[in-house]
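Peer 1: Take this structure, written in structure tokens, and hold onto it; I'll ask about it next.
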Amino acid sequence: MGQNILVTGAGGFIGHHLVKYLVNTGNRVRGVDIKEPEFEATDADEFVLADLRLKENCVDAVRDIDVVYNLAADMGGIGFISENHASIATNNVLINTHMLQASQEAEVKRFFYSSSACIYPGYKQEETDLTPLKESDAYPADPEEGYGWEKLYTEKLCQYYHDDFGLETRVARFHNVYGPLGTYDGGREKAPAAICRKLAMAQDGDEIEVWGDGQQTRSFMFIDDCVDGIVQLTESSHSDPVNLGSDVMVTVDELVDLVAEISGKSITKRHDLTKPQGVRGRNSDNDVLRQVLGWEPGTSLTDGLAVTYRWIEQQVTTSVR
Ligand code: NAD
């Protein structure tokens with residue numbers, strides 16, 4: 001039988017896909033966000049526009065809810081999160097603290113929180129060929145300024161609500177999620193979407209700007225795998241934070257080459273070393289994920305990027321007309 005589910009951040013990339021999945025699997029879903037989904041109408045049974053920094057809006061949002069998926073956050077790609085430490089940390093601390101408080105008071109059955117690989121210490125990510133990050137690597141703490149510190153703090157808050165009040169919290173540390181219906185321009189977009197947009201707008205033979213020297217490494221998880229993992233983890237009995245990401249690591253240059261191949265365009269890269277590039281290397285260790293769920297993200301980067309590129313290309317073409 002379906003459950004009454006709240007998805008916060010339902011107007012955003014992952015929240016919108018999660019709502020679709022939960023409705024399709026027979027649940028009644030309330031979506032809340034300060035904005036409507038940008039690219040298509042929501043599937044949610046009820047969609048509420050509200051600012052979740054305010055406690056009273058969180059109290060309204062969780063009324064009659066069994067399970068909370070708390071994805072609302074002030075966030076963006078590396079350019080955006082490097083330049084807005086104070087506002088990001090303030091906004092997200094308010095959203096997450098009030099959502100946890102309201103959920104505990106309303107005695108919801110489960111509370112999912114979307115943390116991030118940005119909580120991992122800088123000193124573990126100084127090499128491009130780094131050892132994949134294990135959950136236990138989070139301490140001693142030295143997370144990404146602003147956004148990462150707030151995520152780490154909220155992970156602890158989830159643990160305290162679990163230990164002190166018995167709230168069934170679940171925490172996933174997402175590693176770079178990409179796919180269709182995500183922000184692809186305007187300054188908040190992340191690397192895969194920005195690269196797809198640049199290729200979609202390029203002519204054969206053009207030069208593409210790449211942030212950093214292109215040797216920085218990352219892993220990228222396709223949105224369908226992310227949604228699948230979120231729901232499985234929430235239904236599991238594991239309350240400690242778990243990596244949710246792909247463990248296939250590529251350089252940013254390799255990412256550009258893959259998208260170029262998909263686009264059928266031949267381009268040259270111009271590396272801009274003045275642009276922020278984040279940590280030098282990052283990859284997910286999926287041992288705990290495999291132990292807990294008997295599963296890990298399986299969509300290949302080529303398949304996921306092909307779908308994403310086609311969608312962004314279509315957006316770019318339509319907006320240029
Ligand atoms: P997104 O920006 O598309 O979605 C976040 C949504 O939260 C937005 O629609 C935004 O309007 C909403 N929001 C912001 N402030 C709000 C407020 N005060 N009240 C109500 N809603 C508010 O981002 P996303 O990629 O869908 O990310 C979802 C979650 O996953 C976030 O918590 C993010 O930190 C986390 N995460 C994402 C990634 C990734 O690669 N996309 C990686 C790590 C963690």
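Please note that chains go A, B, ... in the order of the structure tokens, that every chain numbers its residues from 1, and that ligands are numbered from 1 in the order shown.
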When the cut-off is 7 Å and you count only C-alpha atoms and all ligand atoms, which residues lie near ligand 1, shown as a VMD selection string?
Peer 2: chain A and resid 8 to 15 32 to 35 37 50 to 53 71 to 76 91 95 114 to 117 173 to 178 182 to 183
Peer 1: If we count only C-alpha atoms, what is near Glu83 of chain A at a cut-off of 10 Å, once residues fewer than 5 positions away on the same chain are taken out, given as a list in words?
Peer 2: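 In the requested format, the answer is Ile78, Ile88, Glu145, Gly146 and Pro276 of chain A.
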Peer 1: Residues of segment 253-302 of chain A within 12 Å of segment 205-211 of chain A: nearest atom pair and distance (Å, one decimal) for each, counting only C-alpha atoms, sorted by chain and number, as CSV?
Peer 2:
residue,atom,partner,partner_atom,distance
A:Asp253,CA,A:Val210,CA,8.0
A:Glu254,CA,A:Val210,CA,11.3
A:Leu255,CA,A:Val210,CA,10.5
A:Val256,CA,A:Val210,CA,8.3
A:Asp257,CA,A:Ile208,CA,10.9
A:Val259,CA,A:Ile208,CA,11.7
A:Ala260,CA,A:Ile208,CA,10.1
A:Gly264,CA,A:Gly205,CA,11.0
A:Lys265,CA,A:Gly205,CA,7.3
A:Ser266,CA,A:Gly205,CA,5.4
A:Ile267,CA,A:Gly205,CA,4.9
A:Thr268,CA,A:Glu207,CA,4.8
A:Lys269,CA,A:Ile208,CA,4.9
A:Arg270,CA,A:Glu209,CA,4.8
A:His271,CA,A:Val210,CA,4.8
A:Asp272,CA,A:Trp211,CA,5.1
A:Leu273,CA,A:Trp211,CA,6.4
A:Thr274,CA,A:Trp211,CA,7.8
A:Lys275,CA,A:Trp211,CA,5.4
A:Pro276,CA,A:Trp211,CA,6.8
A:Gln277,CA,A:Trp211,CA,6.2
A:Gly278,CA,A:Trp211,CA,9.9
Peer 1: Kindly indicate which residue among A:Ile119, A:Val248, A:Val23, A:Leu6 lies nearest to Asp285 of chain A, using only C-alpha atoms for the distances.
Peer 2: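 Once distances to Asp285 of chain A are computed over only C-alpha atoms, the minimum belongs to A:Val248.
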Peer 1: Would you please work out which residue, of A:Tyr161, A:Tyr153, A:Tyr123, A:Tyr139, is nearest to Gln104 of chain A when using only C-alpha atoms?
Peer 2: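 Of A:Tyr161, A:Tyr153, A:Tyr123, A:Tyr139, the one nearest Gln104 of chain A is A:Tyr161, counting only C-alpha atoms.
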Peer 1: From a backbone DSSP assignment, name each residue in segment 107-214 of chain A labelled helix (DSSP H, G or I), as JSON, numbers by chain.
Peer 2: {"A": [117, 118, 119, 122, 123, 124, 135, 136, 137, 138, 147, 148, 149, 150, 151, 152, 153, 154, 155, 156, 157, 158, 159, 160, 161, 162, 163, 164, 165, 191, 192, 193, 194, 195, 196, 197, 198, 199, 200, 201]}
Peer 1: Please determine, counting only C-alpha atoms, which residue among A:Glu36, A:Glu46, A:Glu105, A:Asp228 has the shortest atom-to-atom distance to Val59 of chain A.
Peer 2: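 Of A:Glu36, A:Glu46, A:Glu105, A:Asp228, the one nearest Val59 of chain A is A:Glu105, counting only C-alpha atoms.
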Peer 1: Have a look at A:Lys151, A:Arg197, A:Lys55, A:Arg310 and name the one nearest to Cys118 of chain A; count only C-alpha atoms.
Peer 2: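 Of all the options, A:Lys151 lies closest to Cys118 of chain A.
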Peer 1: Mind checking DSSP for segment 15-231 of chain A and telling me the strand (DSSP E) residues as number ranges by chain?
Peer 2: A: 28-33, 46-49, 67-70, 110-116, 169-174, 177-178, 207-211, 217-219, 221-222
Peer 1: Just the selected residues (N, CA and C atoms), exported as a compact mmCIF listing (two decimals), in the first residue's frame, please.
Peer 2:
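Result saved to selection-v8.txt:
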# COMPACT_ATOMS: atom_id res chain seq x y z
N ARG A 28 1.23 8.58 -2.32
CA ARG A 28 0.63 9.92 -2.40
C ARG A 28 1.73 10.91 -2.03
N VAL A 29 2.04 11.83 -2.94
CA VAL A 29 3.22 12.66 -2.73
C VAL A 29 2.88 14.14 -2.66
N ARG A 30 3.40 14.76 -1.60
CA ARG A 30 3.35 16.23 -1.48
C ARG A 30 4.74 16.76 -1.80
N GLY A 31 4.82 17.66 -2.74
CA GLY A 31 6.11 18.29 -3.06
C GLY A 31 6.11 19.71 -2.51
N VAL A 32 7.25 20.13 -1.96
CA VAL A 32 7.37 21.51 -1.47
C VAL A 32 8.67 22.10 -2.00
N ASP A 33 8.60 23.37 -2.40
CA ASP A 33 9.79 24.08 -2.89
C ASP A 33 9.47 25.57 -2.89
N GLU A 46 0.14 16.90 -4.69
CA GLU A 46 -0.03 18.25 -4.13
C GLU A 46 1.34 18.93 -4.21
N PHE A 47 1.37 20.17 -4.70
CA PHE A 47 2.65 20.89 -4.77
C PHE A 47 2.48 22.22 -4.05
N VAL A 48 3.30 22.46 -3.03
CA VAL A 48 3.16 23.66 -2.22
C VAL A 48 4.38 24.55 -2.41
N LEU A 49 4.14 25.82 -2.70
CA LEU A 49 5.25 26.79 -2.78
C LEU A 49 5.46 27.35 -1.38
N VAL A 67 6.69 9.55 5.44
CA VAL A 67 8.12 9.54 5.10
C VAL A 67 8.52 10.89 4.50
N VAL A 68 9.64 11.45 5.00
CA VAL A 68 10.15 12.72 4.49
C VAL A 68 11.43 12.47 3.70
N TYR A 69 11.47 12.97 2.47
CA TYR A 69 12.71 13.02 1.69
C TYR A 69 13.11 14.48 1.65
N ASN A 70 14.14 14.83 2.43
CA ASN A 70 14.49 16.25 2.57
C ASN A 70 15.65 16.60 1.62
N ARG A 110 10.06 7.95 8.80
CA ARG A 110 11.42 7.96 8.24
C ARG A 110 11.77 9.37 7.77
N PHE A 111 13.07 9.69 7.86
CA PHE A 111 13.54 11.00 7.41
C PHE A 111 14.81 10.78 6.60
N PHE A 112 14.75 11.05 5.29
CA PHE A 112 15.93 10.91 4.44
C PHE A 112 16.59 12.28 4.27
N TYR A 113 17.92 12.31 4.39
CA TYR A 113 18.67 13.55 4.18
C TYR A 113 19.72 13.37 3.10
N SER A 114 19.75 14.33 2.15
CA SER A 114 20.73 14.27 1.06
C SER A 114 21.98 15.04 1.44
N SER A 115 23.00 14.30 1.89
CA SER A 115 24.30 14.91 2.15
C SER A 115 25.13 14.85 0.86
N SER A 116 26.42 15.09 0.97
CA SER A 116 27.22 15.25 -0.24
C SER A 116 28.65 14.77 -0.01
N THR A 169 16.40 8.25 10.89
CA THR A 169 17.06 9.07 9.86
C THR A 169 17.89 8.18 8.94
N ARG A 170 17.96 8.58 7.65
CA ARG A 170 18.79 7.91 6.64
C ARG A 170 19.57 9.00 5.92
N VAL A 171 20.85 8.78 5.72
CA VAL A 171 21.70 9.83 5.14
C VAL A 171 22.53 9.26 3.99
N ALA A 172 22.37 9.87 2.80
CA ALA A 172 23.21 9.47 1.65
C ALA A 172 24.15 10.61 1.30
N ARG A 173 25.41 10.25 1.02
CA ARG A 173 26.38 11.24 0.53
C ARG A 173 26.44 11.11 -0.99
N PHE A 174 25.72 12.00 -1.69
CA PHE A 174 25.70 11.93 -3.15
C PHE A 174 27.05 12.36 -3.72
N VAL A 177 25.63 14.10 -9.29
CA VAL A 177 24.47 13.51 -9.97
C VAL A 177 24.20 14.32 -11.24
N TYR A 178 23.91 13.63 -12.33
CA TYR A 178 23.62 14.33 -13.59
C TYR A 178 22.48 13.63 -14.31
N GLU A 207 36.45 26.02 -30.15
CA GLU A 207 37.23 25.82 -28.93
C GLU A 207 36.26 25.84 -27.76
N ILE A 208 36.45 24.91 -26.80
CA ILE A 208 35.57 24.82 -25.62
C ILE A 208 36.37 25.21 -24.39
N GLU A 209 35.78 26.08 -23.56
CA GLU A 209 36.47 26.45 -22.31
C GLU A 209 36.25 25.37 -21.26
N VAL A 210 37.34 24.90 -20.64
CA VAL A 210 37.26 23.89 -19.57
C VAL A 210 37.86 24.50 -18.31
N TRP A 211 37.14 24.39 -17.18
CA TRP A 211 37.65 24.97 -15.93
C TRP A 211 38.78 24.10 -15.35
N THR A 217 39.86 14.80 -11.20
CA THR A 217 39.06 13.58 -11.40
C THR A 217 37.79 13.60 -10.54
N ARG A 218 36.76 12.93 -11.08
CA ARG A 218 35.48 12.81 -10.38
C ARG A 218 34.79 11.53 -10.84
N SER A 219 33.72 11.13 -10.10
CA SER A 219 32.82 10.10 -10.62
C SER A 219 31.44 10.73 -10.75
N MET A 221 27.14 10.08 -11.24
CA MET A 221 26.03 9.11 -11.11
C MET A 221 24.81 9.59 -11.89
N PHE A 222 24.25 8.70 -12.70
CA PHE A 222 23.05 9.05 -13.48
C PHE A 222 21.84 9.15 -12.55
Peer 1: Please indicate the distance in Å from atom CA of Glu189 of chain A to atom CA of Gly214 of chain A, rounded to one decimal place.
Peer 2: 17.4 Å
Peer 1: Distance atom CA of Phe39 of chain A-atom CA of Ala191 of chain A, one decimal place?
Peer 2: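 Interatomic distance here is 19.3 Å.
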Peer 1: Between A:Thr42, A:Gln314, A:Ser136, A:Ser263, which residue has the minimum interatomic distance to Asp240 of chain A, considering only C-alpha atoms?
Peer 2: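 Of all the options, A:Ser136 lies closest to Asp240 of chain A.
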Peer 1: What's the 8 Å shell around Leu54 of chain A, counting only C-alpha atoms, without same-chain residues fewer than 4 positions away, as a PDB file with N, CA and C atoms, in the first residue's frame?
Peer 2:
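The result, stored in part.pdb:
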ATOM      1  N   CYS A  58       7.648  24.363   7.630  1.00  0.00           N
ATOM      2  CA  CYS A  58       8.070  22.961   7.780  1.00  0.00           C
ATOM      3  C   CYS A  58       6.980  22.175   8.528  1.00  0.00           C
ATOM      4  N   LEU A  94      19.081  26.520   8.325  1.00  0.00           N
ATOM      5  CA  LEU A  94      17.698  26.833   8.723  1.00  0.00           C
ATOM      6  C   LEU A  94      16.735  25.773   8.175  1.00  0.00           C
ATOM      7  N   ILE A  95      16.869  25.447   6.879  1.00  0.00           N
ATOM      8  CA  ILE A  95      15.969  24.445   6.274  1.00  0.00           C
ATOM      9  C   ILE A  95      16.086  23.116   7.031  1.00  0.00           C
ATOM     10  N   HIS A  98      14.989  23.084  10.874  1.00  0.00           N
ATOM     11  CA  HIS A  98      13.528  23.184  11.033  1.00  0.00           C
ATOM     12  C   HIS A  98      12.816  21.950  10.491  1.00  0.00           C
TER      13      HIS A  98
END
